[in-house]
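Have a look at model_12.pdb below; it lists PDB, C-alpha atoms and all ligand atoms.
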```pdb
MODEL        1
ATOM      1  CA  MET U   1     -45.755 -13.132   7.707
ATOM      2  CA  PHE U   2     -45.017 -12.759   3.970
ATOM      3  CA  GLY U   3     -43.889  -9.186   4.647
ATOM      4  CA  ARG U   4     -41.329 -10.501   7.114
ATOM      5  CA  ILE U   5     -40.037 -13.096   4.601
ATOM      6  CA  ARG U   6     -39.781 -10.366   1.949
ATOM      7  CA  MET U   7     -37.830  -8.157   4.387
ATOM      8  CA  LYS U   8     -35.527 -11.091   5.169
ATOM      9  CA  SER U   9     -34.906 -11.836   1.485
ATOM     10  CA  ALA U  10     -34.291  -8.130   0.825
ATOM     11  CA  SER U  11     -31.662  -7.962   3.575
ATOM     12  CA  ILE U  12     -29.993 -11.185   2.364
ATOM     13  CA  LEU U  13     -29.856  -9.667  -1.141
ATOM     14  CA  PHE U  14     -28.438  -6.424   0.281
ATOM     15  CA  PHE U  15     -25.617  -8.228   2.121
ATOM     16  CA  ALA U  16     -24.971 -10.463  -0.894
ATOM     17  CA  ILE U  17     -24.496  -7.323  -3.026
ATOM     18  CA  LEU U  18     -22.179  -5.860  -0.377
ATOM     19  CA  LEU U  19     -20.048  -9.024  -0.346
ATOM     20  CA  TRP U  20     -19.973  -9.235  -4.103
ATOM     21  CA  SER U  21     -18.895  -5.646  -4.781
ATOM     22  CA  PRO U  22     -15.255  -5.309  -5.885
ATOM     23  CA  ALA U  23     -13.197  -5.392  -2.713
ATOM     24  CA  SER U  24     -10.434  -3.105  -3.943
ATOM     25  CA  TRP U  25     -12.855  -0.139  -3.852
ATOM     26  CA  ALA U  26     -15.007  -1.213  -0.964
ATOM     27  CA  ASN U  27     -12.310  -1.961   1.570
ATOM     28  CA  GLN U  28     -12.066   0.851   4.024
ATOM     29  CA  GLY U  29     -10.699   0.032   7.451
ATOM     30  CA  GLN U  30      -8.368  -2.714   6.260
ATOM     31  CA  TRP U  31      -5.206  -2.786   8.377
ATOM     32  CA  GLY U  32      -1.844  -3.377   6.802
ATOM     33  CA  GLY U  33       1.171  -4.438   8.856
ATOM     34  CA  PHE U  34       4.522  -3.965   7.127
ATOM     35  CA  PHE U  35       7.290  -5.956   8.810
ATOM     36  CA  TYR U  36      10.868  -5.227   7.788
ATOM     37  CA  LEU U  37      13.449  -7.940   8.477
ATOM     38  CA  PHE U  38      16.905  -6.474   9.150
ATOM     39  CA  PRO U  39      19.580  -9.199   9.522
ATOM     40  CA  LYS U  40      21.309  -8.966  12.909
ATOM     41  CA  SER U  41      25.005  -8.482  12.400
ATOM     42  CA  GLY U  42      26.993 -11.519  13.511
ATOM     43  CA  ALA U  43      23.878 -13.704  13.878
ATOM     44  CA  GLU U  44      24.320 -16.817  11.758
ATOM     45  CA  PHE U  45      21.233 -18.199  10.105
ATOM     46  CA  PRO U  46      22.138 -21.778   9.164
ATOM     47  CA  ALA U  47      20.201 -23.840   6.621
ATOM     48  CA  GLY U  48      18.484 -25.982   9.273
ATOM     49  CA  ALA U  49      17.258 -22.931  11.184
ATOM     50  CA  ARG U  50      16.060 -21.358   7.932
ATOM     51  CA  SER U  51      13.892 -24.259   6.935
ATOM     52  CA  SER U  52      12.488 -24.691  10.432
ATOM     53  CA  ALA U  53      11.671 -20.932  10.597
ATOM     54  CA  ALA U  54      10.092 -21.122   7.118
ATOM     55  CA  LYS U  55       7.817 -23.976   8.276
ATOM     56  CA  GLN U  56       6.759 -22.047  11.372
ATOM     57  CA  LEU U  57       6.068 -18.928   9.304
ATOM     58  CA  GLY U  58       3.974 -21.090   6.987
ATOM     59  CA  SER U  59       1.815 -22.179   9.881
ATOM     60  CA  ILE U  60       1.324 -18.713  11.475
ATOM     61  CA  GLY U  61       0.384 -17.371   8.024
ATOM     62  CA  GLU U  62      -2.185 -20.114   7.371
ATOM     63  CA  ASN U  63      -5.224 -18.012   8.208
ATOM     64  CA  PHE U  64      -4.310 -15.407   5.630
ATOM     65  CA  GLY U  65      -4.810 -15.798   1.885
ATOM     66  CA  ASN U  66      -1.460 -15.862   0.073
ATOM     67  CA  ASP U  67      -1.419 -12.646  -1.920
ATOM     68  CA  PHE U  68       1.095 -14.025  -4.403
ATOM     69  CA  ASN U  69      -2.043 -15.434  -6.056
ATOM     70  CA  PRO U  70      -4.583 -12.840  -4.922
ATOM     71  CA  GLU U  71      -8.089 -14.107  -4.236
ATOM     72  CA  LYS U  72     -10.779 -11.626  -5.212
ATOM     73  CA  GLY U  73     -12.540 -10.231  -2.169
ATOM     74  CA  ARG U  74     -10.122 -11.814   0.337
ATOM     75  CA  VAL U  75      -9.318  -9.165   2.934
ATOM     76  CA  GLU U  76      -7.124 -11.280   5.235
ATOM     77  CA  SER U  77      -3.946 -11.671   3.241
ATOM     78  CA  ILE U  78      -0.198 -12.111   3.453
ATOM     79  CA  GLN U  79       2.588 -11.354   0.996
ATOM     80  CA  TYR U  80       6.329 -12.067   1.303
ATOM     81  CA  TYR U  81       9.051  -9.987  -0.396
ATOM     82  CA  THR U  82      12.792 -10.156  -0.879
ATOM     83  CA  ALA U  83      14.573  -6.791  -0.962
ATOM     84  CA  VAL U  84      16.021  -5.277  -4.133
ATOM     85  CA  SER U  85      16.862  -1.807  -2.843
ATOM     86  CA  TYR U  86      16.248   0.484   0.099
ATOM     87  CA  SER U  87      16.742   4.210  -0.249
ATOM     88  CA  LEU U  88      15.901   7.555   1.254
ATOM     89  CA  ASP U  89      15.505  10.598  -1.016
ATOM     90  CA  ARG U  90      17.075   8.563  -3.880
ATOM     91  CA  LYS U  91      20.184   7.648  -1.821
ATOM     92  CA  PRO U  92      20.780   4.003  -0.850
ATOM     93  CA  ILE U  93      20.594   3.289   2.886
ATOM     94  CA  THR U  94      23.402   1.006   4.042
ATOM     95  CA  MET U  95      21.418  -0.689   6.808
ATOM     96  CA  SER U  96      18.811  -2.303   4.625
ATOM     97  CA  PRO U  97      16.251  -5.041   5.276
ATOM     98  CA  ALA U  98      16.726  -8.428   3.579
ATOM     99  CA  ALA U  99      13.013  -9.029   3.329
ATOM    100  CA  LEU U 100       9.581  -7.688   4.191
ATOM    101  CA  ILE U 101       6.197  -9.196   5.025
ATOM    102  CA  ARG U 102       2.852  -7.459   4.507
ATOM    103  CA  VAL U 103      -0.095  -8.774   6.503
ATOM    104  CA  GLU U 104      -3.611  -7.418   5.977
ATOM    105  CA  SER U 105      -6.763  -7.831   8.027
ATOM    106  CA  MET U 106      -9.919  -5.957   8.915
ATOM    107  CA  ARG U 107      -8.822  -6.491  12.535
ATOM    108  CA  ARG U 108      -5.696  -4.756  13.750
ATOM    109  CA  ASP U 109      -5.243  -7.315  16.537
ATOM    110  CA  ASN U 110      -4.896 -10.108  13.937
ATOM    111  CA  VAL U 111      -1.996  -8.208  12.418
ATOM    112  CA  GLU U 112      -0.472  -7.515  15.840
ATOM    113  CA  ASN U 113      -0.763 -11.191  16.828
ATOM    114  CA  TYR U 114       1.024 -12.161  13.649
ATOM    115  CA  LEU U 115       3.837  -9.709  14.472
ATOM    116  CA  ASN U 116       4.242 -11.129  17.992
ATOM    117  CA  GLN U 117       4.562 -14.650  16.616
ATOM    118  CA  LEU U 118       6.924 -13.465  13.887
ATOM    119  CA  ARG U 119       9.193 -11.916  16.544
ATOM    120  CA  GLU U 120       9.243 -15.193  18.448
ATOM    121  CA  ILE U 121      10.276 -17.136  15.363
ATOM    122  CA  LEU U 122      12.759 -14.740  13.747
ATOM    123  CA  GLY U 123      13.770 -12.357  16.542
ATOM    124  CA  VAL U 124      17.111 -14.131  17.114
ATOM    125  CA  PHE U 125      18.190 -13.590  13.506
ATOM    126  CA  PHE U 126      16.494 -10.333  12.537
ATOM    127  CA  THR U 127      15.654  -6.977  14.014
ATOM    128  CA  ILE U 128      12.041  -6.594  13.008
ATOM    129  CA  GLU U 129      10.725  -3.091  12.405
ATOM    130  CA  SER U 130       7.011  -2.654  11.997
ATOM    131  CA  ARG U 131       4.656  -0.103  10.502
ATOM    132  CA  PHE U 132       0.871  -0.132  10.734
ATOM    133  CA  ALA U 133      -1.535   1.729   8.474
ATOM    134  CA  VAL U 134      -5.183   1.495   7.434
ATOM    135  CA  THR U 135      -7.201   2.072   4.266
ATOM    136  CA  ARG U 136      -9.700   4.918   4.565
ATOM    137  CA  GLN U 137     -12.246   6.908   2.619
ATOM    138  CA  LEU U 138     -11.074   9.152  -0.217
ATOM    139  CA  ASN U 139     -10.545  12.760   0.813
ATOM    140  CA  TYR U 140      -9.837  14.696  -2.378
ATOM    141  CA  THR U 141     -11.521  12.747  -5.162
ATOM    142  CA  ASP U 142     -14.550  14.186  -6.965
ATOM    143  CA  ALA U 143     -17.095  12.064  -8.853
ATOM    144  CA  GLU U 144     -15.446  12.551 -12.238
ATOM    145  CA  THR U 145     -12.014  11.551 -10.920
ATOM    146  CA  LEU U 146     -13.500   8.553  -9.133
ATOM    147  CA  LYS U 147     -15.076   7.341 -12.363
ATOM    148  CA  GLN U 148     -11.762   7.746 -14.159
ATOM    149  CA  LEU U 149      -9.962   5.845 -11.376
ATOM    150  CA  LYS U 150     -12.466   2.995 -11.482
ATOM    151  CA  ASP U 151     -12.585   2.774 -15.269
ATOM    152  CA  ASN U 152      -8.814   2.602 -15.614
ATOM    153  CA  ALA U 153      -7.585   0.742 -12.531
ATOM    154  CA  PRO U 154      -5.522  -2.271 -13.588
ATOM    155  CA  LYS U 155      -6.486  -5.816 -12.698
ATOM    156  CA  ARG U 156      -4.707  -7.067  -9.609
ATOM    157  CA  GLY U 157      -1.877  -9.288 -10.874
ATOM    158  CA  LYS U 158      -0.329 -12.515  -9.637
ATOM    159  CA  GLY U 159       3.232 -12.460  -8.327
ATOM    160  CA  THR U 160       4.370 -14.134 -11.545
ATOM    161  CA  GLU U 161       2.811 -11.358 -13.675
ATOM    162  CA  GLN U 162       3.598  -8.379 -11.463
ATOM    163  CA  PRO U 163       6.653  -9.448  -9.457
ATOM    164  CA  ASN U 164       7.801  -5.943  -8.470
ATOM    165  CA  ALA U 165       6.534  -4.228  -5.336
ATOM    166  CA  VAL U 166       7.268  -0.911  -3.663
ATOM    167  CA  VAL U 167       6.457   0.000  -0.060
ATOM    168  CA  PHE U 168       6.895   3.720   0.389
ATOM    169  CA  PRO U 169       5.920   5.465   3.641
ATOM    170  CA  LEU U 170       5.729   9.231   3.553
ATOM    171  CA  SER U 171       4.429  12.179   5.532
ATOM    172  CA  LYS U 172       3.099  15.630   4.854
ATOM    173  CA  ILE U 173       4.711  18.544   6.733
ATOM    174  CA  PRO U 174       2.726  20.627   9.279
ATOM    175  CA  GLU U 175       2.150  23.455   6.720
ATOM    176  CA  TRP U 176       0.069  21.006   4.653
ATOM    177  CA  TRP U 177      -2.079  19.974   7.574
ATOM    178  CA  ALA U 178      -2.641  23.645   8.441
ATOM    179  CA  LEU U 179      -4.293  24.266   5.033
ATOM    180  CA  THR U 180      -8.058  24.085   4.601
ATOM    181  CA  GLN U 181      -9.587  21.006   2.985
ATOM    182  CA  GLU U 182     -10.378  23.078  -0.129
ATOM    183  CA  LYS U 183      -6.769  24.283  -0.503
ATOM    184  CA  ARG U 184      -5.359  20.764  -0.029
ATOM    185  CA  GLN U 185      -7.732  19.397  -2.645
ATOM    186  CA  GLN U 186      -6.615  21.975  -5.214
ATOM    187  CA  TYR U 187      -3.160  20.405  -5.307
ATOM    188  CA  PHE U 188      -4.539  17.180  -6.781
ATOM    189  CA  PHE U 189      -6.073  18.862  -9.835
ATOM    190  CA  LYS U 190      -4.584  20.541 -12.883
ATOM    191  CA  ASP U 191      -4.838  24.322 -12.532
ATOM    192  CA  PRO U 192      -1.987  26.141 -14.356
ATOM    193  CA  GLU U 193      -3.524  29.554 -13.665
ATOM    194  CA  ARG U 194      -3.162  28.967  -9.967
ATOM    195  CA  PHE U 195       0.097  27.000  -9.955
ATOM    196  CA  GLY U 196       1.994  27.998 -13.118
ATOM    197  CA  LYS U 197       2.068  26.670 -16.666
ATOM    198  CA  GLU U 198       4.217  23.586 -15.946
ATOM    199  CA  GLN U 199       1.759  22.310 -13.357
ATOM    200  CA  MET U 200      -0.128  19.065 -13.975
ATOM    201  CA  GLY U 201      -1.057  18.008 -10.438
ATOM    202  CA  HIS U 202      -1.024  14.622  -8.705
ATOM    203  CA  ASN U 203      -4.027  13.187 -10.566
ATOM    204  CA  GLU U 204      -2.955  14.192 -14.078
ATOM    205  CA  ILE U 205       0.534  12.731 -13.532
ATOM    206  CA  GLY U 206      -0.933   9.605 -11.935
ATOM    207  CA  PHE U 207      -3.409   9.057 -14.768
ATOM    208  CA  LEU U 208      -0.531   8.807 -17.258
ATOM    209  CA  TYR U 209       0.456   5.542 -15.555
ATOM    210  CA  ILE U 210      -2.701   4.265 -13.912
ATOM    211  CA  ARG U 211      -3.155   1.236 -16.191
ATOM    212  CA  GLN U 212       0.395  -0.004 -15.651
ATOM    213  CA  ILE U 213       0.708   0.253 -11.882
ATOM    214  CA  PHE U 214      -1.425  -1.366  -9.177
ATOM    215  CA  ARG U 215      -1.613   1.019  -6.225
ATOM    216  CA  LYS U 216      -2.960   1.065  -2.728
ATOM    217  CA  LEU U 217      -2.956   3.884  -0.189
ATOM    218  CA  TYR U 218      -2.905   3.321   3.577
ATOM    219  CA  HIS U 219      -3.217   6.090   6.156
ATOM    220  CA  SER U 220      -1.242   6.127   9.384
ATOM    221  CA  ARG U 221      -1.387   9.681  10.706
ATOM    222  CA  PHE U 222      -1.868   9.420  14.503
ATOM    223  CA  ASP U 223      -1.765   5.606  14.198
ATOM    224  CA  ASP U 224       1.933   5.089  13.635
ATOM    225  CA  PRO U 225       4.754   7.489  14.550
ATOM    226  CA  GLY U 226       6.601   6.313  11.402
ATOM    227  CA  GLY U 227       4.629   8.563   9.041
ATOM    228  CA  ASP U 228       1.271   9.758   7.725
ATOM    229  CA  PHE U 229       0.850   7.299   4.817
ATOM    230  CA  ILE U 230       2.115   4.078   3.374
ATOM    231  CA  THR U 231       1.879   3.922  -0.380
ATOM    232  CA  TYR U 232       2.060   0.498  -2.000
ATOM    233  CA  PHE U 233       2.581  -0.481  -5.651
ATOM    234  CA  GLU U 234       2.893  -3.596  -7.812
ATOM    235  CA  PHE U 235       3.925  -3.810 -11.460
ATOM    236  CA  SER U 236       5.392  -6.040 -14.138
ATOM    237  CA  ASP U 237       9.040  -6.023 -15.240
ATOM    238  CA  ASP U 238       7.931  -4.194 -18.404
ATOM    239  CA  ASN U 239       6.679  -1.345 -16.254
ATOM    240  CA  LEU U 240       9.739  -0.760 -14.072
ATOM    241  CA  GLU U 241      10.587   2.341 -16.103
ATOM    242  CA  ALA U 242       6.973   3.532 -15.988
ATOM    243  CA  PHE U 243       7.068   3.380 -12.195
ATOM    244  CA  ASN U 244      10.298   5.395 -12.062
ATOM    245  CA  SER U 245       8.855   8.045 -14.397
ATOM    246  CA  LEU U 246       5.685   8.228 -12.299
ATOM    247  CA  LEU U 247       7.709   8.759  -9.151
ATOM    248  CA  GLU U 248       9.943  11.400 -10.756
ATOM    249  CA  GLY U 249       6.835  13.125 -12.150
ATOM    250  CA  LEU U 250       5.290  13.379  -8.696
ATOM    251  CA  ARG U 251       8.567  14.536  -7.153
ATOM    252  CA  ASN U 252       8.883  17.366  -9.687
ATOM    253  CA  VAL U 253       7.519  20.343  -7.757
ATOM    254  CA  GLU U 254       6.974  22.407 -10.924
ATOM    255  CA  LYS U 255       4.662  19.702 -12.268
ATOM    256  CA  ASN U 256       3.368  18.687  -8.865
ATOM    257  CA  PRO U 257       3.620  21.476  -6.247
ATOM    258  CA  GLU U 258       1.943  19.111  -3.740
ATOM    259  CA  TRP U 259       5.348  17.412  -3.275
ATOM    260  CA  LYS U 260       6.716  20.591  -1.594
ATOM    261  CA  PHE U 261       4.767  19.384   1.427
ATOM    262  CA  VAL U 262       6.036  15.801   1.329
ATOM    263  CA  ALA U 263       8.691  14.330   3.613
ATOM    264  CA  GLU U 264       9.632  11.003   2.072
ATOM    265  CA  GLY U 265      10.309   7.924   4.166
ATOM    266  CA  PRO U 266      12.564   5.019   3.154
ATOM    267  CA  LEU U 267      11.541   3.461  -0.156
ATOM    268  CA  PHE U 268      11.601  -0.347  -0.117
ATOM    269  CA  SER U 269      11.677  -1.926  -3.520
ATOM    270  CA  GLY U 270      11.334  -5.702  -3.637
ATOM    271  CA  LYS U 271      10.222  -8.865  -5.390
ATOM    272  CA  ARG U 272       7.054 -10.691  -4.435
ATOM    273  CA  VAL U 273       7.802 -14.297  -3.535
ATOM    274  CA  SER U 274       5.284 -17.046  -2.950
ATOM    275  CA  THR U 275       6.457 -18.699   0.280
ATOM    276  CA  PRO U 276       8.346 -17.950   3.505
ATOM    277  CA  ALA U 277      10.978 -20.469   2.303
ATOM    278  CA  ASP U 278      11.569 -18.377  -0.837
ATOM    279  CA  MET U 279      11.796 -15.258   1.295
ATOM    280  CA  LEU U 280      14.338 -16.783   3.696
ATOM    281  CA  GLY U 281      16.295 -18.596   0.987
ATOM    282  CA  ALA U 282      15.507 -21.886   2.734
ATOM    283  CA  GLY U 283      14.953 -24.096  -0.297
ATOM    284  CA  HIS U 284      11.924 -26.372  -0.240
TER     285      HIS U 284
HETATM  286  C1  LIG H 301      -0.620   5.214 -10.370
HETATM  287  C2  LIG H 301      -0.805   6.511 -10.451
HETATM  288  C3  LIG H 301      -1.443   7.304  -9.334
HETATM  289  C4  LIG H 301      -2.701   7.789  -9.303
HETATM  290  C5  LIG H 301      -3.738   7.659 -10.405
HETATM  291  C6  LIG H 301      -2.891   8.461  -8.034
HETATM  292  C7  LIG H 301      -4.061   9.079  -7.628
HETATM  293  C8  LIG H 301      -4.302   9.569  -6.385
HETATM  294  C9  LIG H 301      -5.545  10.151  -5.946
HETATM  295  C10 LIG H 301      -6.788  10.318  -6.799
HETATM  296  C11 LIG H 301      -5.404  10.510  -4.653
HETATM  297  C12 LIG H 301      -6.436  11.195  -3.771
HETATM  298  C13 LIG H 301      -7.054  10.198  -2.833
HETATM  299  C14 LIG H 301      -8.084  10.876  -1.965
HETATM  300  O1  LIG H 301      -9.072  11.393  -2.511
HETATM  301  O2  LIG H 301      -7.910  10.871  -0.734
HETATM  302  C15 LIG H 301      -4.076  10.152  -4.261
HETATM  303  C16 LIG H 301      -3.563  10.333  -3.012
HETATM  304  C17 LIG H 301      -2.281  10.052  -2.667
HETATM  305  N1  LIG H 301      -1.309   9.540  -3.491
HETATM  306 FE1  LIG H 301      -1.506   9.037  -5.426
HETATM  307  N2  LIG H 301      -1.747   8.399  -7.320
HETATM  308  C18 LIG H 301      -0.832   7.703  -8.071
HETATM  309  C19 LIG H 301       0.454   7.433  -7.729
HETATM  310  C20 LIG H 301       1.031   7.784  -6.544
HETATM  311  C21 LIG H 301       2.412   7.553  -6.194
HETATM  312  C22 LIG H 301       3.487   6.915  -7.115
HETATM  313  C23 LIG H 301       2.573   8.002  -4.916
HETATM  314  C24 LIG H 301       3.807   8.009  -4.066
HETATM  315  C25 LIG H 301       4.997   8.130  -4.560
HETATM  316  C26 LIG H 301       1.306   8.502  -4.458
HETATM  317  C27 LIG H 301       1.055   9.001  -3.209
HETATM  318  C28 LIG H 301      -0.157   9.438  -2.750
HETATM  319  C29 LIG H 301      -0.401   9.886  -1.407
HETATM  320  C30 LIG H 301       0.599   9.940  -0.255
HETATM  321  C31 LIG H 301      -1.742  10.271  -1.357
HETATM  322  C32 LIG H 301      -2.479  10.831  -0.137
HETATM  323  C33 LIG H 301      -2.294  12.297  -0.118
HETATM  324  C34 LIG H 301      -3.033  12.980   0.985
HETATM  325  O3  LIG H 301      -4.061  12.461   1.476
HETATM  326  O4  LIG H 301      -2.552  14.056   1.384
HETATM  327  N3  LIG H 301       0.400   8.379  -5.479
HETATM  328  N4  LIG H 301      -3.414   9.589  -5.341
ENDMDL
END
```

Kindly return the structure encoded in the file as structure tokens.
Ligand code: HEM
Amino acid sequence: MFGRIRMKSASILFFAILLWSPASWANQGQWGGFFYLFPKSGAEFPAGARSSAAKQLGSIGENFGNDFNPEKGRVESIQYYTAVSYSLDRKPITMSPAALIRVESMRRDNVENYLNQLREILGVFFTIESRFAVTRQLNYTDAETLKQLKDNAPKRGKGTEQPNAVVFPLSKIPEWWALTQEKRQQYFFKDPERFGKEQMGHNEIGFLYIRQIFRKLYHSRFDDPGGDFITYFEFSDDNLEAFNSLLEGLRNVEKNPEWKFVAEGPLFSGKRVSTPADMLGAGH
């Protein structure tokens, strides 16, 4: 009898510890839906329609925590963005989205349902492009690197503190996927004897900026034809330059030969906003 109670208390404690552990490291299998809103040419979007659409978006987003003020441990979340720039391989793309919405859930169908409702509300005014990706286990990180990542990861910021966000899908070319696990892992670590004296590697370059930039990696290989990964970043205005240097560092194939295998997707740079009304310019 007492044994059973002890077992029960032990399992309650176990699940309590699981729930309590910092979600940013624990969350594997969290789906992210990235919904790009491209204005339809010639489609007017009058003030009345804007505020009615904003209200409807408010209600379909109700079950998700608003990530403008992130709640620790909340895995069902929504964040709205207005676009600042949209580019491919550093060149601006003329057909650019006006806004983007990121919806996250442990259940892909929750994200899909949101997208269906979004299309019903905004489909007349916007062409909505979607990408889906999921957080997974680490593939190339050894214990020492993991400790360094955990010790230095920045606190997740509010939209007022870290208003800048980047959504950057990218893929690796078939030659990368043909390499062995061991060979692929080597590219993340500094090894000038193997790669030449300029080489730093992905991790060494990343660690220069880790405290300034919040980052999240989603995988989408075989899940979404749009690419193998979606990389996601948030940072303060003070760190805009730091983000650009980080990106240029990773793109430099002398310093980071891994990038020879990268095919970049369109880079969306935007501002986090707190409500659908702010995103649609609908006033309050
Ligand atoms: C803030 C600094 C950064 C740090 C500390 C960092 C660190 C890392 C680490 C440790 C991994 C390996 C994850 C694993 O074990 O699976 C990784 C993977 C990755 N990172 Fe970064 N990174 C940073 C910035 C960036 C940036 C700016 C980009 C994109 C421009 C990026 C794109 C990627 C991609 C696509 C992967 C997955 C690669 C693969 O699985 O083949 N990272 N990063």

For the PyMOL selection byres (((not hetatm)) within 9 of (chain H and resi 301)), applied here, can you spell out every residue it catches as a ChimeraX atom specification? /U:136-142,145-146,148-149,152-153,168-172,176-177,184-185,188,202-219,228-233,243-244,246-251,258,262,264

Write a file of the just-selected residues containing C-alpha atoms, as an mmCIF file, in the coordinates of the input.
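For reference, result-v4.cif as written:
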```cif
data_model
loop_
_atom_site.group_PDB
_atom_site.id
_atom_site.type_symbol
_atom_site.label_atom_id
_atom_site.label_comp_id
_atom_site.auth_asym_id
_atom_site.auth_seq_id
_atom_site.Cartn_x
_atom_site.Cartn_y
_atom_site.Cartn_z
ATOM 1 C CA ARG U 136 -9.700 4.918 4.565
ATOM 2 C CA GLN U 137 -12.246 6.908 2.619
ATOM 3 C CA LEU U 138 -11.074 9.152 -0.217
ATOM 4 C CA ASN U 139 -10.545 12.760 0.813
ATOM 5 C CA TYR U 140 -9.837 14.696 -2.378
ATOM 6 C CA THR U 141 -11.521 12.747 -5.162
ATOM 7 C CA ASP U 142 -14.550 14.186 -6.965
ATOM 8 C CA THR U 145 -12.014 11.551 -10.920
ATOM 9 C CA LEU U 146 -13.500 8.553 -9.133
ATOM 10 C CA GLN U 148 -11.762 7.746 -14.159
ATOM 11 C CA LEU U 149 -9.962 5.845 -11.376
ATOM 12 C CA ASN U 152 -8.814 2.602 -15.614
ATOM 13 C CA ALA U 153 -7.585 0.742 -12.531
ATOM 14 C CA PHE U 168 6.895 3.720 0.389
ATOM 15 C CA PRO U 169 5.920 5.465 3.641
ATOM 16 C CA LEU U 170 5.729 9.231 3.553
ATOM 17 C CA SER U 171 4.429 12.179 5.532
ATOM 18 C CA LYS U 172 3.099 15.630 4.854
ATOM 19 C CA TRP U 176 0.069 21.006 4.653
ATOM 20 C CA TRP U 177 -2.079 19.974 7.574
ATOM 21 C CA ARG U 184 -5.359 20.764 -0.029
ATOM 22 C CA GLN U 185 -7.732 19.397 -2.645
ATOM 23 C CA PHE U 188 -4.539 17.180 -6.781
ATOM 24 C CA HIS U 202 -1.024 14.622 -8.705
ATOM 25 C CA ASN U 203 -4.027 13.187 -10.566
ATOM 26 C CA GLU U 204 -2.955 14.192 -14.078
ATOM 27 C CA ILE U 205 0.534 12.731 -13.532
ATOM 28 C CA GLY U 206 -0.933 9.605 -11.935
ATOM 29 C CA PHE U 207 -3.409 9.057 -14.768
ATOM 30 C CA LEU U 208 -0.531 8.807 -17.258
ATOM 31 C CA TYR U 209 0.456 5.542 -15.555
ATOM 32 C CA ILE U 210 -2.701 4.265 -13.912
ATOM 33 C CA ARG U 211 -3.155 1.236 -16.191
ATOM 34 C CA GLN U 212 0.395 -0.004 -15.651
ATOM 35 C CA ILE U 213 0.708 0.253 -11.882
ATOM 36 C CA PHE U 214 -1.425 -1.366 -9.177
ATOM 37 C CA ARG U 215 -1.613 1.019 -6.225
ATOM 38 C CA LYS U 216 -2.960 1.065 -2.728
ATOM 39 C CA LEU U 217 -2.956 3.884 -0.189
ATOM 40 C CA TYR U 218 -2.905 3.321 3.577
ATOM 41 C CA HIS U 219 -3.217 6.090 6.156
ATOM 42 C CA ASP U 228 1.271 9.758 7.725
ATOM 43 C CA PHE U 229 0.850 7.299 4.817
ATOM 44 C CA ILE U 230 2.115 4.078 3.374
ATOM 45 C CA THR U 231 1.879 3.922 -0.380
ATOM 46 C CA TYR U 232 2.060 0.498 -2.000
ATOM 47 C CA PHE U 233 2.581 -0.481 -5.651
ATOM 48 C CA PHE U 243 7.068 3.380 -12.195
ATOM 49 C CA ASN U 244 10.298 5.395 -12.062
ATOM 50 C CA LEU U 246 5.685 8.228 -12.299
ATOM 51 C CA LEU U 247 7.709 8.759 -9.151
ATOM 52 C CA GLU U 248 9.943 11.400 -10.756
ATOM 53 C CA GLY U 249 6.835 13.125 -12.150
ATOM 54 C CA LEU U 250 5.290 13.379 -8.696
ATOM 55 C CA ARG U 251 8.567 14.536 -7.153
ATOM 56 C CA GLU U 258 1.943 19.111 -3.740
ATOM 57 C CA VAL U 262 6.036 15.801 1.329
ATOM 58 C CA GLU U 264 9.632 11.003 2.072
#
```

Using 10 Å as the limit and counting all atoms listed in the file, can you tabulate each residue of range 32-52 of chain U that touches range 71-85 of chain U, with its shortest atom-to-atom distance in Å and the two atoms involved, as a Markdown table?
```
| residue | atom | partner | partner_atom | distance |
| --- | --- | --- | --- | --- |
| U:Gly32 | CA | U:Ser77 | CA | 9.3 |
| U:Gly33 | CA | U:Ile78 | CA | 9.5 |
| U:Phe34 | CA | U:Gln79 | CA | 9.8 |
| U:Phe35 | CA | U:Tyr80 | CA | 9.7 |
| U:Tyr36 | CA | U:Ala83 | CA | 9.6 |
| U:Leu37 | CA | U:Ala83 | CA | 9.6 |
```

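The nearest approach to Asn256 in chain U among the residues U:Gly196, U:Gly29, U:Gly270, U:Gly281, with only C-alpha atoms taken into account, belongs to U:Gly196.
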
CA of Glu198 in chain U to CA of Lys255 in chain U measures 5.4 Å

Students should find that CA of Glu241 in chain U and CA of Asp278 in chain U are spaced 25.8 Å

Requested in this report: Would you kindly translate the PyMOL selection byres (((chain U and resi 109-116) around 12) and not hetatm) into the concrete residues it picks from this file, as a VMD selection string?
Outcome: chain U and resid 30 to 37 56 to 64 75 to 78 100 to 108 117 to 123 128 to 134

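For Ser274 in chain U, the set of protein, DNA and RNA residues having any atom at most 10 Å away, when counting all atoms listed in the file and skipping those fewer than 2 positions along the same chain, is U:Asn66, U:Asp67, U:Phe68, U:Asn69, U:Ile78, U:Gln79, U:Tyr80, U:Tyr81, U:Lys158, U:Gly159, U:Thr160, U:Lys271, U:Arg272, U:Pro276, U:Ala277, U:Asp278, U:Met279.
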
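Atom pair CA of Asp89 in chain U / CA of Pro266 in chain U has a distance of 7.6 Å (rounded to one decimal).
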
| message | Would you pick out the contacts of Ser96 in chain U at 9 Å or less, using only C-alpha atoms, so that residues sharing its chain but fewer than 3 positions from it are not included, and give the list as a PyMOL selection string? | response | chain U and resi 37-39+83+85-87+92-93+99+268

Padding of 4 Å on every side, edges along x, y and z, all listed atoms of range 241-250 of chain U included: what centre and edge lengths in Å, to one decimal, does that box have, as AutoDock Vina command-line options?
```
--center_x 7.9 --center_y 7.9 --center_z -12.4 --size_x 13.3 --size_y 19.0 --size_z 15.4
```

Shell around Ser41 in chain U at 12 Å using only C-alpha atoms, local window under 6 positions removed, as a VMD selection string = chain U and resid 95 to 97 124 to 127

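With the shown file loaded, the PyMOL selection byres (((chain U and resi 257) around 8) and not hetatm) picks out Tyr187, Phe195, Gln199, Gly201, Asn252, Val253, Glu254, Lys255, Asn256, Glu258, Trp259 and Lys260 of chain U.
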